[in-house]
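Undergrad: Pasting a structure below so you can have a look.
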2 protein chains.
Amino acid sequence: MERILKQLKIPVNEKLFLKDPETSDLGKRIIEHSILLIDDIGFEAFTFKKLGSKIASNESSIYRYFENKHKLLLYLTSWYWGWLEYKLVFATHSLADPFKKLNVAIELITEKTEKDIAFSHINEVLLHQIVVNEYSKSYLTKEVDSENKEGYFQVYKRLVHRLQEMIQATNDSYSYAASLASTIVETALHQSFLKDHFKSITDCNDDVTPTEFIKDLVTKTLKS
Amino acid sequence: MERILKQLKIPVNEKLFLKDPETSDLGKRIIEHSILLIDDIGFEAFTFKKLGSKIASNESSIYRYFENKHKLLLYLTSWYWGWLEYKLVFATHSLADPFKKLNVAIELITEKTEKDIAFSHINEVLLHQIVVNEYSKSYLTKEVDSENKEGYFQVYKRLVHRLQEMIQATNDSYSYAASLASTIVETALHQSFLKDHFKSITDCNDDVTPTEFIKDLVTKTLKS
DNA sequence: ATTACTTGATAGTATTACTATTATTTTTGT
DNA sequence: ACAAAAATAATAGTAATACTATCAAGTAAT
């Protein structure tokens, strides 16, 4: 089992990189330390030059892996969504009851992330924080339509589709399964941000989790 | 009535500008054309130099009104939330029935924006698009906590609080009124974006509006 | 041993995001 | 109407960013 997990590779759209960072030591250091550095200083202040000095490598070498920092962000967040999707499929495939299935999926999407030992160079906890703080910036751009055509957001959209199917399976007369699915994912990120920065406009805190709020919302919506 | 409206000024935190743009012709042109230009080329590509050439003025003159483009974005979006809050208070204050009141509020927050003739230099329709496409970038920063302390997000939070109170008034045993209120506002923006760019993960389109989805979600949640 | 490939080092460019200074125009107070 | 004050414009300059290009050095594969 452990060996199988260690061989697993989360697939990411190949157009997002010039050279696959999983295929070399330098590539893995780029991924590992870009997560640490973006989490530390934020995406705006993050540059390939700063990353180069962190990993004792050169700016120009990093440019051989990624065209620019925007593509690197898309790579990291795609990896995150791919990893979540993998965990989602794994955790729900054996469940028969649709409501049980949906609840497990919501827990996975909305609960605190834990380190996955299968990917030693990736800190999933910090990567989750990056998704909360930076993911919107990857699509709130003028290039979103062309990049969407290139498939840069396909993993994220596929995850939402899986959730949509689970929603529909609990209530086939509900008319907004896709919107509810995308709202669940977005709300998980947004409430997590509010809890840390705008406490007055959320009920979530150390005791009340976004999971609880979202489960309540979804259950009431689908059961009435 | 018209005269009263023309004298109305939406209050914006004074720390967001160096010189109040409402007090001069140049200031108003900065506001008017920054809305057009940000909508046109996006916030990343927007610079004070480009804005200067659009209004036949100088980069350095714009810097006397706003410290940087981040503060200008905060100004524009604060103005938008202040304007929405004003419309919200105006439209709901005479309504007695809590559900009726909440539904009117949701309509205002989620429906297509229309031009307000009271503010001739501000295109509210484009400004709404800017809020959809750029607002997250104003708080997804490393400076969010210090800027929040300065009160840069107070209008937005006050609007959410008003919505929260309306939610609680319909059902005083509901435990997540703040989170539901912030989710409504965020979902209004997010579904509007998805409708234009990621159609496959929303049910909203030209026929089905985000308003419909959100009203259904909120009603089912609060009535069960 | 030769070749190919990867990485590192250096240099260079256009643009951005400003700051500083000075000149010119406009507004205003008397 | 005129002087003083305020606002705006013009110009120049800086440090950092986001790259591109070139070349050298080290490593691995045949």
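Residue names in the structure tokens use chain letters A, B, ... in the order shown, residue numbers from 1 in each chain, and ligand numbers from 1 in the order shown.
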Mind listing as a list in words which residues of chain D are within 10 Å of chain B, counting only C-alpha atoms (C1' of nucleotides)?

TA: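 Listed by rising number, the hits are DA7, DT8, DA9 and DA10 of chain D.
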
Undergrad: Give me a file of those residues, with C-alpha atoms (C1' of nucleotides), as a PDB file, in the first residue's frame.

TA:
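File written: again11.pdb
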ATOM      1  C1'  DA D   7      -2.881  72.787  -8.295  1.00  0.00           C
ATOM      2  C1'  DT D   8      -1.104  70.694 -12.213  1.00  0.00           C
ATOM      3  C1'  DA D   9       2.408  69.462 -15.701  1.00  0.00           C
ATOM      4  C1'  DA D  10       6.921  68.264 -17.217  1.00  0.00           C
TER       5       DA D  10
END

Undergrad: List every residue of chain C that has an atom at most 10 Å from any atom of chain B, giving for each one its closest atom pair and the distance in Å to one decimal, counting only C-alpha atoms (C1' of nucleotides), sorted by chain and then by ascending residue number, as a tab-separated table.

TA:
residue	atom	partner	partner_atom	distance
C:DT16	C1'	B:Thr47	CA	8.1
C:DA17	C1'	B:Asn68	CA	8.2
C:DC18	C1'	B:Asn68	CA	8.6
C:DT19	C1'	B:Ser60	CA	9.6

Undergrad: Take the residues that were just selected and, keeping N, CA and C atoms (P, O5', C5', C4', C3', O3' and C1' of nucleotides), output them as an mmCIF file, in the first residue's frame.

TA:
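What follows is the written file part.cif:
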data_model
loop_
_atom_site.group_PDB
_atom_site.id
_atom_site.type_symbol
_atom_site.label_atom_id
_atom_site.label_comp_id
_atom_site.auth_asym_id
_atom_site.auth_seq_id
_atom_site.Cartn_x
_atom_site.Cartn_y
_atom_site.Cartn_z
ATOM 1 P P DT C 16 4.276 48.928 -17.927
ATOM 2 O "O5'" DT C 16 4.623 48.876 -16.375
ATOM 3 C "C5'" DT C 16 4.946 47.626 -15.776
ATOM 4 C "C4'" DT C 16 5.378 47.858 -14.344
ATOM 5 C "C3'" DT C 16 4.515 48.851 -13.556
ATOM 6 O "O3'" DT C 16 4.188 48.218 -12.335
ATOM 7 C "C1'" DT C 16 6.801 49.417 -13.368
ATOM 8 P P DA C 17 2.971 48.690 -11.442
ATOM 9 O "O5'" DA C 17 3.675 49.539 -10.298
ATOM 10 C "C5'" DA C 17 4.614 48.917 -9.433
ATOM 11 C "C4'" DA C 17 5.334 49.997 -8.679
ATOM 12 C "C3'" DA C 17 4.408 51.151 -8.237
ATOM 13 O "O3'" DA C 17 4.753 51.514 -6.903
ATOM 14 C "C1'" DA C 17 6.233 52.001 -9.374
ATOM 15 P P DC C 18 3.715 52.219 -5.951
ATOM 16 O "O5'" DC C 18 3.668 53.719 -6.529
ATOM 17 C "C5'" DC C 18 4.272 54.827 -5.896
ATOM 18 C "C4'" DC C 18 5.789 54.797 -6.037
ATOM 19 C "C3'" DC C 18 6.419 56.110 -5.637
ATOM 20 O "O3'" DC C 18 6.650 56.083 -4.246
ATOM 21 C "C1'" DC C 18 7.451 55.199 -7.584
ATOM 22 P P DT C 19 6.512 57.430 -3.421
ATOM 23 O "O5'" DT C 19 7.851 58.226 -3.793
ATOM 24 C "C5'" DT C 19 9.126 57.662 -3.519
ATOM 25 C "C4'" DT C 19 10.173 58.690 -3.867
ATOM 26 C "C3'" DT C 19 9.862 60.087 -3.309
ATOM 27 O "O3'" DT C 19 11.038 60.603 -2.701
ATOM 28 C "C1'" DT C 19 10.174 60.186 -5.661
#

Undergrad: Hey, list the chain B side of the contact with chain A: 9 Å cut-off, only C-alpha atoms, answer as a PyMOL selection string.

TA: chain B and resi 41-44+132-134+136-137+140-142+144-145+148+157-158+160-161+164+175-183+186-187+190-191+193-194+197-198+200-204+210+213+216-224

Undergrad: Taking N, CA and C atoms for each residue, export the selection above as a short mmCIF file (atom, residue, chain, number, x, y, z; two decimals), in the first residue's frame.

TA:
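What ended up in result-v5.cif:
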data_model
loop_
_atom_site.label_atom_id
_atom_site.label_comp_id
_atom_site.auth_asym_id
_atom_site.auth_seq_id
_atom_site.Cartn_x
_atom_site.Cartn_y
_atom_site.Cartn_z
N ILE B 41 -8.59 46.87 -19.37
CA ILE B 41 -7.33 46.11 -19.46
C ILE B 41 -7.04 45.26 -18.23
N GLY B 42 -7.86 45.36 -17.19
CA GLY B 42 -7.63 44.57 -15.98
C GLY B 42 -6.70 45.29 -15.01
N PHE B 43 -6.83 44.94 -13.73
CA PHE B 43 -6.08 45.65 -12.69
C PHE B 43 -4.56 45.45 -12.79
N GLU B 44 -4.13 44.28 -13.20
CA GLU B 44 -2.68 44.00 -13.29
C GLU B 44 -2.01 44.92 -14.31
N VAL B 132 -16.60 42.37 -9.27
CA VAL B 132 -16.62 40.93 -9.55
C VAL B 132 -15.21 40.42 -9.86
N ASN B 133 -14.50 41.15 -10.72
CA ASN B 133 -13.22 40.66 -11.22
C ASN B 133 -12.01 40.99 -10.35
N GLU B 134 -12.12 42.02 -9.53
CA GLU B 134 -10.92 42.49 -8.83
C GLU B 134 -11.05 42.60 -7.31
N SER B 136 -11.56 40.65 -4.74
CA SER B 136 -10.76 39.72 -3.91
C SER B 136 -9.31 40.14 -3.80
N LYS B 137 -8.78 40.70 -4.89
CA LYS B 137 -7.37 41.10 -4.88
C LYS B 137 -7.09 42.20 -3.88
N LEU B 140 -6.90 39.89 -0.52
CA LEU B 140 -6.03 38.70 -0.50
C LEU B 140 -4.57 39.14 -0.61
N THR B 141 -4.13 39.84 0.44
CA THR B 141 -2.76 40.38 0.46
C THR B 141 -2.16 40.13 1.84
N LYS B 142 -0.87 40.31 1.93
CA LYS B 142 -0.18 40.17 3.22
C LYS B 142 -0.49 41.35 4.15
N VAL B 144 -3.47 42.65 4.67
CA VAL B 144 -4.90 42.73 4.97
C VAL B 144 -5.19 43.08 6.43
N ASP B 145 -4.42 42.54 7.38
CA ASP B 145 -4.75 42.79 8.78
C ASP B 145 -4.50 44.25 9.18
N ASN B 148 -7.10 46.34 7.42
CA ASN B 148 -8.40 46.16 8.07
C ASN B 148 -8.49 47.03 9.32
N LYS B 157 -17.90 45.37 5.28
CA LYS B 157 -18.29 44.60 6.46
C LYS B 157 -19.63 45.09 7.03
N ARG B 158 -19.85 46.40 6.95
CA ARG B 158 -21.11 46.94 7.46
C ARG B 158 -22.30 46.47 6.61
N VAL B 160 -22.40 43.62 5.03
CA VAL B 160 -22.62 42.22 5.41
C VAL B 160 -23.37 42.16 6.75
N HIS B 161 -23.01 43.05 7.69
CA HIS B 161 -23.71 43.08 8.98
C HIS B 161 -25.19 43.38 8.83
N GLN B 164 -26.77 40.33 7.66
CA GLN B 164 -26.79 39.39 8.78
C GLN B 164 -27.98 39.67 9.71
N SER B 175 -28.00 29.61 13.49
CA SER B 175 -26.70 29.82 14.15
C SER B 175 -25.62 30.44 13.28
N TYR B 176 -25.89 30.59 11.99
CA TYR B 176 -24.79 31.03 11.11
C TYR B 176 -25.16 32.27 10.28
N ALA B 177 -25.81 33.22 10.92
CA ALA B 177 -26.29 34.39 10.18
C ALA B 177 -25.15 35.20 9.55
N ALA B 178 -24.03 35.33 10.25
CA ALA B 178 -22.91 36.10 9.70
C ALA B 178 -22.29 35.36 8.51
N SER B 179 -22.05 34.07 8.69
CA SER B 179 -21.47 33.29 7.59
C SER B 179 -22.40 33.23 6.39
N LEU B 180 -23.70 33.11 6.64
CA LEU B 180 -24.64 33.08 5.51
C LEU B 180 -24.64 34.43 4.79
N ALA B 181 -24.57 35.51 5.55
CA ALA B 181 -24.56 36.84 4.94
C ALA B 181 -23.31 37.03 4.08
N SER B 182 -22.14 36.68 4.62
CA SER B 182 -20.91 36.84 3.81
C SER B 182 -20.91 35.90 2.62
N THR B 183 -21.52 34.73 2.79
CA THR B 183 -21.60 33.78 1.67
C THR B 183 -22.51 34.31 0.56
N GLU B 186 -20.46 36.97 -1.33
CA GLU B 186 -19.39 36.33 -2.10
C GLU B 186 -19.94 35.50 -3.25
N THR B 187 -21.03 34.78 -2.99
CA THR B 187 -21.63 33.94 -4.03
C THR B 187 -22.20 34.78 -5.17
N HIS B 190 -19.15 35.53 -7.18
CA HIS B 190 -18.53 34.33 -7.77
C HIS B 190 -19.39 33.71 -8.87
N GLN B 191 -20.68 33.56 -8.63
CA GLN B 191 -21.55 32.96 -9.65
C GLN B 191 -21.62 33.87 -10.88
N PHE B 193 -19.16 35.64 -11.97
CA PHE B 193 -17.93 35.35 -12.71
C PHE B 193 -18.02 34.02 -13.45
N LEU B 194 -18.49 33.00 -12.78
CA LEU B 194 -18.59 31.66 -13.39
C LEU B 194 -19.49 31.68 -14.63
N HIS B 197 -17.35 32.90 -17.38
CA HIS B 197 -16.07 32.29 -17.74
C HIS B 197 -15.98 30.78 -17.53
N PHE B 198 -16.63 30.26 -16.49
CA PHE B 198 -16.60 28.81 -16.25
C PHE B 198 -18.04 28.29 -16.23
N SER B 200 -19.49 25.67 -17.11
CA SER B 200 -19.80 24.27 -16.79
C SER B 200 -19.99 24.03 -15.29
N ILE B 201 -19.56 24.96 -14.44
CA ILE B 201 -19.71 24.70 -13.01
C ILE B 201 -20.72 25.65 -12.34
N THR B 202 -21.62 26.17 -13.16
CA THR B 202 -22.72 26.97 -12.60
C THR B 202 -24.01 26.65 -13.36
N ASP B 203 -25.13 26.86 -12.72
CA ASP B 203 -26.42 26.73 -13.40
C ASP B 203 -26.92 28.10 -13.85
N CYS B 204 -26.17 29.13 -13.50
CA CYS B 204 -26.62 30.48 -13.85
C CYS B 204 -26.27 30.80 -15.30
N PRO B 210 -28.20 34.35 -10.73
CA PRO B 210 -27.69 34.04 -9.40
C PRO B 210 -28.72 34.38 -8.31
N PHE B 213 -30.96 31.33 -7.67
CA PHE B 213 -30.23 30.29 -6.93
C PHE B 213 -30.05 30.67 -5.46
N ASP B 216 -33.35 30.74 -3.40
CA ASP B 216 -33.76 29.37 -3.12
C ASP B 216 -32.94 28.78 -1.98
N LEU B 217 -31.62 28.99 -2.05
CA LEU B 217 -30.71 28.49 -1.03
C LEU B 217 -31.03 29.08 0.35
N VAL B 218 -31.20 30.38 0.38
CA VAL B 218 -31.41 31.08 1.65
C VAL B 218 -32.80 30.74 2.23
N THR B 219 -33.79 30.73 1.37
CA THR B 219 -35.14 30.42 1.85
C THR B 219 -35.20 29.02 2.45
N LYS B 220 -34.66 28.04 1.73
CA LYS B 220 -34.68 26.67 2.25
C LYS B 220 -33.91 26.56 3.55
N THR B 221 -32.81 27.26 3.64
CA THR B 221 -31.98 27.20 4.85
C THR B 221 -32.69 27.83 6.05
N LEU B 222 -33.35 28.93 5.82
CA LEU B 222 -33.96 29.65 6.95
C LEU B 222 -35.35 29.15 7.30
N LYS B 223 -36.00 28.48 6.37
CA LYS B 223 -37.36 28.02 6.67
C LYS B 223 -37.42 26.59 7.15
N SER B 224 -36.31 25.89 7.17
CA SER B 224 -36.39 24.49 7.64
C SER B 224 -35.82 24.32 9.04
#

Undergrad: Which neighbours of Tyr65 in chain B fall inside 10 Å, counting only C-alpha atoms (C1' of nucleotides), when residues of the same chain fewer than 4 positions from it are skipped, and could you give them as a PDB file with C-alpha atoms, in the first residue's frame?

TA:
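As written to disk, part20.pdb reads:
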ATOM      1  CA  LEU B  16      -7.696  55.872   1.114  1.00  0.00           C
ATOM      2  CA  PHE B  17      -6.800  59.061  -0.700  1.00  0.00           C
ATOM      3  CA  LEU B  18      -4.283  61.901  -0.310  1.00  0.00           C
ATOM      4  CA  LYS B  19      -6.663  64.441  -1.814  1.00  0.00           C
ATOM      5  CA  ASP B  20     -10.384  63.803  -2.146  1.00  0.00           C
ATOM      6  CA  PRO B  21     -11.058  63.142  -5.849  1.00  0.00           C
ATOM      7  CA  LEU B  26      -9.168  66.227 -12.295  1.00  0.00           C
ATOM      8  CA  GLY B  27     -10.117  64.015  -9.357  1.00  0.00           C
ATOM      9  CA  ILE B  30      -9.314  60.074 -12.409  1.00  0.00           C
ATOM     10  CA  SER B  60       2.651  62.660 -11.046  1.00  0.00           C
ATOM     11  CA  SER B  61      -0.656  64.493 -10.742  1.00  0.00           C
ATOM     12  CA  LYS B  71      -5.443  52.314  -2.679  1.00  0.00           C
ATOM     13  CA  LEU B  72      -7.345  53.447  -5.760  1.00  0.00           C
TER      14      LEU B  72
END

Undergrad: Do you have the CA of Lys87 in chain B-CA of Val104 in chain B distance handy?

TA: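 CA of Lys87 in chain B sits 10.7 Å away from CA of Val104 in chain B.
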
Undergrad: What is the CA of Val155 in chain A to CA of Lys15 in chain A distance in Å?

TA: 13.5 Å

Undergrad: Between CA of Glu124 in chain B and CA of Pro11 in chain B, what distance in Å does the model show, to one decimal?

TA: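 For CA of Glu124 in chain B relative to CA of Pro11 in chain B, the distance reads 15.9 Å.
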
Undergrad: Excluding Pro98 in chain B and any residue of its chain fewer than 2 positions from it, enumerate the residues within 10 Å of it, using only C-alpha atoms (C1' of nucleotides), and give them as a PyMOL selection string.

TA: chain B and resi 92+95-96+100-104+165-171
